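Engineer: Attaching a single structure in structure tokens format; questions to follow.
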Amino acid sequence: MDARVISKAKLPSRYVTEGPARAPHRSYLYAMGLSAAEIAQPLVGVASCWNEAAPCNISLMRQAQVVKKGVAAANGTPREFCTITVTDGIAMGHQGMKSSLVSREVIADSVELTMRGHCYDALVGLAGCDKSLPGMMMAMVRLNVPSIFIYGGSILPGSYRGRQITVQDVFEAVGQHSVGTISDAELLEIEQVACPSAGSCGAQFTANTMATVAEAIGLALPYSCGAPAPYEMRDRFNFASGEKVMELIAKNIRPRDIVTLKALENAATVVSATGGSTNAALHLPAIAHEAGIKFDLFDVAAIFEKTPYIADLKPGGKYVAKDMFEAGGIPLLMKTLLDHGYLHGDCMTVTGRTLAENMEHVSWNESQDVVRPANRPITKTGGVVGLKGNLAPEGAIVKVAGMSELKFSGPARCFDSEEECFEAVTQRNYREGEVLVIRYEGPRGGPGMREMLSTTAALYGQGMGGKVALITDGRFSGATRGFCIGHVGPEAAVGGPIGLIKDGDVISIDAVNGTIEVALSDAELAARAKNWKARKTDYQSGAIWKYAQTVGSARDGAVTHPGAAKETHCYADI
């Protein structure tokens, strides 16, 4: 694609590169070594979430250099910049996790502001850890300039005494250690071998779930999200993405042409089919919000309800992302779903072709068992289930992939923070058959809607994963397994029923029929509500306080602004 034939008459960069009045602006570009010809070309933002916080992000800057070569080869002018990311694996289990979901909004906002401030014409975004993927895709849809998403790739699995392990095993080993099942030396050995390379957590946790979404929704090139971070072949996808974004400029194919209601339904389908992270039920509505599309938790759950579970991936199954890539990648999964009527094939993608056209030459691989044919699934119902009832009028979500028992009933044991519950679990101060309730951890009440992996993994490591249930108005990691229900809404901080229950109230969860109920009458709940008082958090200033002032409910994606439905202009059309 020759960018020199692309007119800047309608491109944002005309405001900083065209005409005598922009001589001061051009002088800055000359100062960085750009030529007059490069300044005259479309300016392409190459955004990455690179940092040295975790292996998820460590390869992103190197990969961004290859993207820039692809842009330049197609006669575009790349402009690299970085934004933040908060890595959940390190933020987990302490106050740092309150920063995690907030970071999704900061990523989207900071990419938007950088693009707007410098009038870039297109965007290639690279992301690695959980919230950076939806944050980057939200920015693309919000800006609506031609965009391509790139996942930095998954980590390679670790090996512990001949067994393939992930960071999930380390979290669960903490629980095993707490009950004396493993020694200090064994715990040290596990933690030192679990994460052997660059890349995001290797199983179908949130990062790989949202990477699968990126291909299914059409914002990433086919196969690009499956290749592990250390594989040198990633450079082919990076270079191709840089070239392809120039073609999208020429053809004026934009994210909102791609992210339609049908595309969102395709994304929800692959989440359920892979037993993916419950966090997708938060991120898909948020991405939809940026396009002005109503697609809330219940819409996501309706797709989950009719989708078969076909990918045998950890944490509920036995394989990791590398295994699925080598079996045929995300296109293999999408091909069988498309062939059996579970995907909309007429959705546009960043290839410039429809999803069905992308799948034309994908053939089924009979010699693998990572992905089952959609007509011969692991289970007929999806790996993730939406719930609703008098305890969660605005809905809740549970991952059932790999679970055999889908119903649970027991007395509540209430905790008003994750720390309280984790302490009780560590001290074995709970009983088999109880429903552990962690509240005041929602988007507003946390603030920040923390994940509870440290607690759930400790329970599993103690051998209690199937013997207690856990519900929260916060979130669960994609690595969570066991009977764990998150996103309970309305949250406790706004007077939701989860904030009204008391120790001993009987809670019943039915993931077959999609219900979550507390054995209290409407009159009793109303009486308790009269005595309920809002709680103050210890975050009364700073970014987390600011987030709490604007964040909405988990049902709608925990978003912080009115979205495309209220916008009076679109950046791409300035």
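So you can find residues: chains in the structure tokens are A, B, ... in the order shown, residues in each start at 1, and ligands are numbered from 1 in order.
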Find the residues around A:Ser477 up to 8 Å (only C-alpha atoms counted), leave out those fewer than 5 positions away in its own chain, and share them as a list in words.

Structural biologist: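 Here the qualifying residues turn out to be Phe205, Thr206, Ser277, Thr278, Asn279, Glu451, Met452 and Leu453 of chain A.
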
Engineer: Please report, as a ChimeraX atom specification, each residue of stretch 328-433 of chain A to which DSSP assigns helix (DSSP H, G or I) when run on this structure's backbone.

Structural biologist: /A:329-339,355-359,418-426

Engineer: So that I can check the surroundings of A:Ile217, please list as a ChimeraX atom specification every protein, DNA and RNA residue that reaches within 9 Å of it, counting only C-alpha atoms and ignoring chain neighbours fewer than 5 positions away.

Structural biologist: /A:212,258-260,262-267,347-349,355

Engineer: Atoms to include: N, CA, C and O atoms. Write the selected residues as a JSON list (two decimals), in the first residue's frame.

Structural biologist:
```json
[["chain", "number", "residue", "atom", "x", "y", "z"],
["A", 212, "THR", "N", -8.19, -13.96, 22.58],
["A", 212, "THR", "CA", -9.10, -14.72, 21.74],
["A", 212, "THR", "C", -10.22, -13.83, 21.24],
["A", 212, "THR", "O", -10.62, -13.89, 20.07],
["A", 258, "ILE", "N", -16.19, -2.64, 12.32],
["A", 258, "ILE", "CA", -15.81, -4.01, 12.71],
["A", 258, "ILE", "C", -16.54, -4.44, 13.98],
["A", 258, "ILE", "O", -17.11, -5.53, 14.05],
["A", 259, "VAL", "N", -16.53, -3.58, 15.01],
["A", 259, "VAL", "CA", -17.13, -3.92, 16.30],
["A", 259, "VAL", "C", -18.62, -3.58, 16.26],
["A", 259, "VAL", "O", -19.05, -2.50, 16.67],
["A", 260, "THR", "N", -19.38, -4.50, 15.73],
["A", 260, "THR", "CA", -20.84, -4.39, 15.65],
["A", 260, "THR", "C", -21.47, -5.31, 16.69],
["A", 260, "THR", "O", -20.76, -6.05, 17.39],
["A", 262, "LYS", "N", -23.14, -7.97, 16.11],
["A", 262, "LYS", "CA", -22.83, -9.35, 15.71],
["A", 262, "LYS", "C", -21.40, -9.73, 16.12],
["A", 262, "LYS", "O", -21.15, -10.84, 16.57],
["A", 263, "ALA", "N", -20.47, -8.80, 15.95],
["A", 263, "ALA", "CA", -19.07, -9.08, 16.32],
["A", 263, "ALA", "C", -18.93, -9.28, 17.82],
["A", 263, "ALA", "O", -18.16, -10.13, 18.28],
["A", 264, "LEU", "N", -19.67, -8.50, 18.60],
["A", 264, "LEU", "CA", -19.66, -8.68, 20.06],
["A", 264, "LEU", "C", -20.23, -10.03, 20.44],
["A", 264, "LEU", "O", -19.73, -10.70, 21.36],
["A", 265, "GLU", "N", -21.27, -10.47, 19.75],
["A", 265, "GLU", "CA", -21.82, -11.80, 20.00],
["A", 265, "GLU", "C", -20.80, -12.88, 19.64],
["A", 265, "GLU", "O", -20.67, -13.88, 20.37],
["A", 266, "ASN", "N", -20.05, -12.67, 18.56],
["A", 266, "ASN", "CA", -18.97, -13.61, 18.22],
["A", 266, "ASN", "C", -17.92, -13.66, 19.34],
["A", 266, "ASN", "O", -17.43, -14.74, 19.70],
["A", 267, "ALA", "N", -17.60, -12.50, 19.89],
["A", 267, "ALA", "CA", -16.61, -12.44, 20.96],
["A", 267, "ALA", "C", -17.09, -13.20, 22.19],
["A", 267, "ALA", "O", -16.33, -13.97, 22.80],
["A", 347, "CYS", "N", -19.25, -10.65, 9.45],
["A", 347, "CYS", "CA", -18.65, -9.50, 10.14],
["A", 347, "CYS", "C", -17.33, -9.10, 9.48],
["A", 347, "CYS", "O", -16.48, -9.95, 9.19],
["A", 348, "MET", "N", -17.15, -7.79, 9.28],
["A", 348, "MET", "CA", -15.90, -7.27, 8.72],
["A", 348, "MET", "C", -14.77, -7.41, 9.74],
["A", 348, "MET", "O", -15.00, -7.37, 10.95],
["A", 349, "THR", "N", -13.55, -7.59, 9.25],
["A", 349, "THR", "CA", -12.37, -7.70, 10.11],
["A", 349, "THR", "C", -11.26, -6.80, 9.58],
["A", 349, "THR", "O", -11.36, -6.24, 8.48],
["A", 355, "LEU", "N", -15.23, -12.36, 8.42],
["A", 355, "LEU", "CA", -14.78, -13.50, 9.22],
["A", 355, "LEU", "C", -14.89, -14.79, 8.43],
["A", 355, "LEU", "O", -13.97, -15.62, 8.44]]
```

Engineer: For a quick check of understanding, using only C-alpha atoms, which of A:Cys414, A:Ala564, A:Ala321, A:Met32 has the smallest distance to A:Ala207?

Structural biologist: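 Of the candidates, the smallest distance to A:Ala207 is held by A:Ala321.
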
Engineer: Can you work out which one of A:Asn429, A:Asn75, A:Ser100, A:Ser59 has the shortest atom-to-atom distance to A:Ser154, counting only C-alpha atoms?

Structural biologist: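 Looking only at the distances to A:Ser154, the closest residue turns out to be A:Ser59.
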
Engineer: Residues at most 12 Å from stretch 513-518 of chain A, counting only C-alpha atoms, excluding those fewer than 5 positions away in the same chain, as a ChimeraX atom specification?

Structural biologist: /A:298,301-302,304-305,381,384-400,406-412,435,437,469-471,484-486,488-489,497-508,524-525

Engineer: I'd like to know which residues of stretch 96-297 of chain A are strand (DSSP E) (by DSSP, run on the backbone); could you write them as a list of chain:residue names?

Structural biologist: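 So the strand (DSSP E) residues in stretch 96-297 of chain A would be A:Ala122, A:Leu123, A:Val124, A:Gly125, A:Leu126, A:Ala127, A:Ser147, A:Ile148, A:Phe149, A:Ile150, A:Tyr151, A:Gly158, A:Ser159, A:Tyr160, A:Arg163, A:Gln164, A:Ile165.
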
Engineer: Find the spatial neighbours of A:Ser110, counting only C-alpha atoms, within a cut-off of 12 Å - ignore same-chain residues fewer than 4 positions away - and output them as JSON, numbers by chain.

Structural biologist: {"A": [47, 48, 49, 81, 82, 83, 84, 85, 103, 104, 105, 106, 114, 115, 116, 117, 132, 135, 136, 138, 139, 140, 142, 143]}
